[in-house]
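**Q** There's a structure below that I have some questions on.
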Amino acid sequence: MSYLLDTNFVIGLLRGASTYWDFLERLVEEEIPSVSVITRSEVFAGCHPNEERATIDLLDRFETKVVHSSIADLAGRYVYRFQQRGLTLHLEDALIGATAVEEGLKLVTRNVGHFPMLLLGEDLVRFPN
């Protein structure tokens, strides 16, 4: 199974958290993980100019998944469906979750509650536990 890294996981790597780097090493043994273009945007939104080179170097280690129309459509449907249930789902999270579903990837995130469209243990990995 291939993995999609959520924004908070990438930030943990950028902060140098050894548990994140150890987990990444285990993932890379299987296959190079991916990030969404949404994650790239979110990371750069908080990136200081002096951090940009290191940020680019890290993000370029991963395959970047783009948002195709099928992903965009599914994300919009998720926002609508969960809104009907009284749950607010941010578009960025809906797009990342839809990317995981459409691409058949397991999402690695600390914020499992942001992804109600995914099932913990099946297509959602909580990290750190």
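If you're wondering about the labels, chains in the structure tokens are A, B, ... by order shown, residues count from 1 in each chain, ligands from 1 in order shown.
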Do you have, as JSON lines, the list of residues of range 78-102 of chain A lying at most 10 Å from range 63-73 of chain A, each with its nearest atom pair and that distance in Å to one decimal, counting only C-alpha atoms and ordered by chain then number?
**A**
{"residue": "A:Tyr78", "atom": "CA", "partner": "A:Asp73", "partner_atom": "CA", "distance": 8.8}
{"residue": "A:Leu91", "atom": "CA", "partner": "A:Ala72", "partner_atom": "CA", "distance": 9.5}
{"residue": "A:Ala94", "atom": "CA", "partner": "A:Ala72", "partner_atom": "CA", "distance": 8.7}
{"residue": "A:Leu95", "atom": "CA", "partner": "A:Ala72", "partner_atom": "CA", "distance": 6.5}
{"residue": "A:Ile96", "atom": "CA", "partner": "A:Ile71", "partner_atom": "CA", "distance": 8.7}
{"residue": "A:Gly97", "atom": "CA", "partner": "A:Ile71", "partner_atom": "CA", "distance": 8.9}
{"residue": "A:Ala98", "atom": "CA", "partner": "A:Ile71", "partner_atom": "CA", "distance": 5.4}
{"residue": "A:Thr99", "atom": "CA", "partner": "A:Ile71", "partner_atom": "CA", "distance": 5.8}
{"residue": "A:Ala100", "atom": "CA", "partner": "A:Ile71", "partner_atom": "CA", "distance": 9.1}
{"residue": "A:Val101", "atom": "CA", "partner": "A:Ile71", "partner_atom": "CA", "distance": 8.5}
{"residue": "A:Glu102", "atom": "CA", "partner": "A:Ile71", "partner_atom": "CA", "distance": 6.5}
**Q** Quick one: everything within 12 Å of range 85-89 of chain A, counting only C-alpha atoms, minus sequence neighbours fewer than 4 positions away in the same chain. Send it as a count of residues only.
**A** 17
**Q** Please, which residues of chain A, numbered as in this document, come out alpha helix (DSSP H) from DSSP, as a PyMOL selection string?
**A** chain A and resi 7-14+18-30+37-45+52-59+69-84+91-103
**Q** What parts of range 11-125 of chain A does DSSP call strand (DSSP E or B)? I'd like the answer as a PyMOL selection string.
**A** chain A and resi 34-36+63-65+106-109+120+124-125
**Q** Can you tell me, as a PDB file with C-alpha atoms, in the first residue's frame, what residues are no more than 12 Å from Val28 in chain A when counting only C-alpha atoms, ignoring any on the same chain fewer than 2 positions away?
**A**
ATOM      1  CA  MET A   1       0.000   0.000   0.000  1.00  0.00           C
ATOM      2  CA  SER A   2       1.246   3.450  -0.877  1.00  0.00           C
ATOM      3  CA  TYR A   3       0.921   6.433   1.437  1.00  0.00           C
ATOM      4  CA  LEU A   4      -0.161  10.059   1.180  1.00  0.00           C
ATOM      5  CA  LEU A   5       1.430  12.328   3.794  1.00  0.00           C
ATOM      6  CA  TRP A  21      11.877  10.668  10.259  1.00  0.00           C
ATOM      7  CA  ASP A  22      12.011   7.103  11.643  1.00  0.00           C
ATOM      8  CA  PHE A  23       8.467   6.445  10.434  1.00  0.00           C
ATOM      9  CA  LEU A  24       9.285   7.939   7.022  1.00  0.00           C
ATOM     10  CA  GLU A  25      12.292   5.610   6.690  1.00  0.00           C
ATOM     11  CA  ARG A  26       9.987   2.618   7.220  1.00  0.00           C
ATOM     12  CA  GLU A  30       8.120  -0.025   0.719  1.00  0.00           C
ATOM     13  CA  GLU A  31       7.630   2.853  -1.710  1.00  0.00           C
ATOM     14  CA  ILE A  32       8.188   6.610  -2.001  1.00  0.00           C
ATOM     15  CA  PRO A  33       5.222   8.323  -0.303  1.00  0.00           C
ATOM     16  CA  SER A  34       3.201  11.065  -1.950  1.00  0.00           C
ATOM     17  CA  ARG A  61      11.532  13.806  -2.252  1.00  0.00           C
ATOM     18  CA  PHE A  62       7.876  12.817  -2.612  1.00  0.00           C
ATOM     19  CA  GLU A  63       5.612  12.214  -5.559  1.00  0.00           C
TER      20      GLU A  63
END
**Q** Which one of A:Gly12, A:Asp6, A:Thr19, A:Leu27 sits closest to Glu42 in chain A if you count only C-alpha atoms?
**A**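 With only C-alpha atoms as the atom set, the closest residue is A:Asp6.
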**Q** Val125 in chain A: which residues within 9 Å, counting only C-alpha atoms, same-chain residues fewer than 6 positions away excluded, as a PDB file with all heavy atoms, in the first residue's frame?
**A**
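The resulting out.pdb:
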ATOM      1  N   LYS A 106      -3.148   5.322   1.462  1.00  0.00           N
ATOM      2  CA  LYS A 106      -3.430   5.477   2.889  1.00  0.00           C
ATOM      3  C   LYS A 106      -2.920   6.841   3.313  1.00  0.00           C
ATOM      4  O   LYS A 106      -1.781   7.192   3.035  1.00  0.00           O
ATOM      5  CB  LYS A 106      -2.709   4.408   3.710  1.00  0.00           C
ATOM      6  CG  LYS A 106      -3.404   3.105   3.792  1.00  0.00           C
ATOM      7  CD  LYS A 106      -2.723   2.216   4.817  1.00  0.00           C
ATOM      8  CE  LYS A 106      -3.528   0.954   5.014  1.00  0.00           C
ATOM      9  NZ  LYS A 106      -2.988   0.132   6.105  1.00  0.00           N
ATOM     10  N   LEU A 107      -3.755   7.599   4.004  1.00  0.00           N
ATOM     11  CA  LEU A 107      -3.377   8.920   4.466  1.00  0.00           C
ATOM     12  C   LEU A 107      -2.747   8.833   5.847  1.00  0.00           C
ATOM     13  O   LEU A 107      -3.318   8.240   6.759  1.00  0.00           O
ATOM     14  CB  LEU A 107      -4.597   9.843   4.511  1.00  0.00           C
ATOM     15  CG  LEU A 107      -4.331  11.272   4.979  1.00  0.00           C
ATOM     16  CD1 LEU A 107      -3.428  12.013   3.998  1.00  0.00           C
ATOM     17  CD2 LEU A 107      -5.634  12.016   5.172  1.00  0.00           C
ATOM     18  N   VAL A 108      -1.561   9.431   5.997  1.00  0.00           N
ATOM     19  CA  VAL A 108      -0.864   9.485   7.281  1.00  0.00           C
ATOM     20  C   VAL A 108      -1.079  10.878   7.858  1.00  0.00           C
ATOM     21  O   VAL A 108      -0.663  11.875   7.257  1.00  0.00           O
ATOM     22  CB  VAL A 108       0.649   9.211   7.113  1.00  0.00           C
ATOM     23  CG1 VAL A 108       1.366   9.300   8.451  1.00  0.00           C
ATOM     24  CG2 VAL A 108       0.880   7.854   6.457  1.00  0.00           C
ATOM     25  N   THR A 109      -1.736  10.952   9.023  1.00  0.00           N
ATOM     26  CA  THR A 109      -2.071  12.244   9.620  1.00  0.00           C
ATOM     27  C   THR A 109      -2.178  12.137  11.135  1.00  0.00           C
ATOM     28  O   THR A 109      -2.454  11.057  11.672  1.00  0.00           O
ATOM     29  CB  THR A 109      -3.397  12.792   9.066  1.00  0.00           C
ATOM     30  OG1 THR A 109      -3.620  14.103   9.593  1.00  0.00           O
ATOM     31  CG2 THR A 109      -4.565  11.891   9.392  1.00  0.00           C
ATOM     32  N   ARG A 110      -1.970  13.241  11.802  1.00  0.00           N
ATOM     33  CA  ARG A 110      -2.237  13.337  13.237  1.00  0.00           C
ATOM     34  C   ARG A 110      -3.715  13.670  13.438  1.00  0.00           C
ATOM     35  O   ARG A 110      -4.310  13.333  14.451  1.00  0.00           O
ATOM     36  CB  ARG A 110      -1.348  14.432  13.848  1.00  0.00           C
ATOM     37  CG  ARG A 110      -1.541  14.627  15.331  1.00  0.00           C
ATOM     38  CD  ARG A 110      -0.668  15.729  15.907  1.00  0.00           C
ATOM     39  NE  ARG A 110      -1.043  17.024  15.351  1.00  0.00           N
ATOM     40  CZ  ARG A 110      -0.213  17.842  14.695  1.00  0.00           C
ATOM     41  NH1 ARG A 110       1.040  17.511  14.507  1.00  0.00           N
ATOM     42  NH2 ARG A 110      -0.636  18.992  14.224  1.00  0.00           N
ATOM     43  N   VAL A 112      -6.893  12.765  12.511  1.00  0.00           N
ATOM     44  CA  VAL A 112      -7.823  11.813  11.902  1.00  0.00           C
ATOM     45  C   VAL A 112      -9.252  12.349  11.853  1.00  0.00           C
ATOM     46  O   VAL A 112     -10.013  12.000  10.955  1.00  0.00           O
ATOM     47  CB  VAL A 112      -7.769  10.428  12.587  1.00  0.00           C
ATOM     48  CG1 VAL A 112      -6.409   9.788  12.407  1.00  0.00           C
ATOM     49  CG2 VAL A 112      -8.129  10.519  14.048  1.00  0.00           C
ATOM     50  N   LEU A 119     -11.408   5.584   6.803  1.00  0.00           N
ATOM     51  CA  LEU A 119     -11.562   4.692   7.943  1.00  0.00           C
ATOM     52  C   LEU A 119     -10.209   4.426   8.594  1.00  0.00           C
ATOM     53  O   LEU A 119      -9.282   3.944   7.925  1.00  0.00           O
ATOM     54  CB  LEU A 119     -12.188   3.366   7.510  1.00  0.00           C
ATOM     55  CG  LEU A 119     -13.609   3.454   6.963  1.00  0.00           C
ATOM     56  CD1 LEU A 119     -14.057   2.095   6.434  1.00  0.00           C
ATOM     57  CD2 LEU A 119     -14.558   3.951   8.040  1.00  0.00           C
TER      58      LEU A 119
END
**Q** CA of Gln84 in chain A and CA of Thr7 in chain A, how far apart in Å?
**A**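 Value for the CA of Thr7 in chain A-CA of Gln84 in chain A distance: 26.2 Å.
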**Q** For Tyr20 in chain A, which residue out of A:Leu58, A:Pro128, A:Ala45, A:Glu122 is the nearest one, using only C-alpha atoms?
**A**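 Among the listed residues, A:Pro128 lies closest to Tyr20 in chain A.
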**Q** Interatomic distance between CA of Ser36 in chain A and CA of Gly16 in chain A?
**A** 20.7 Å
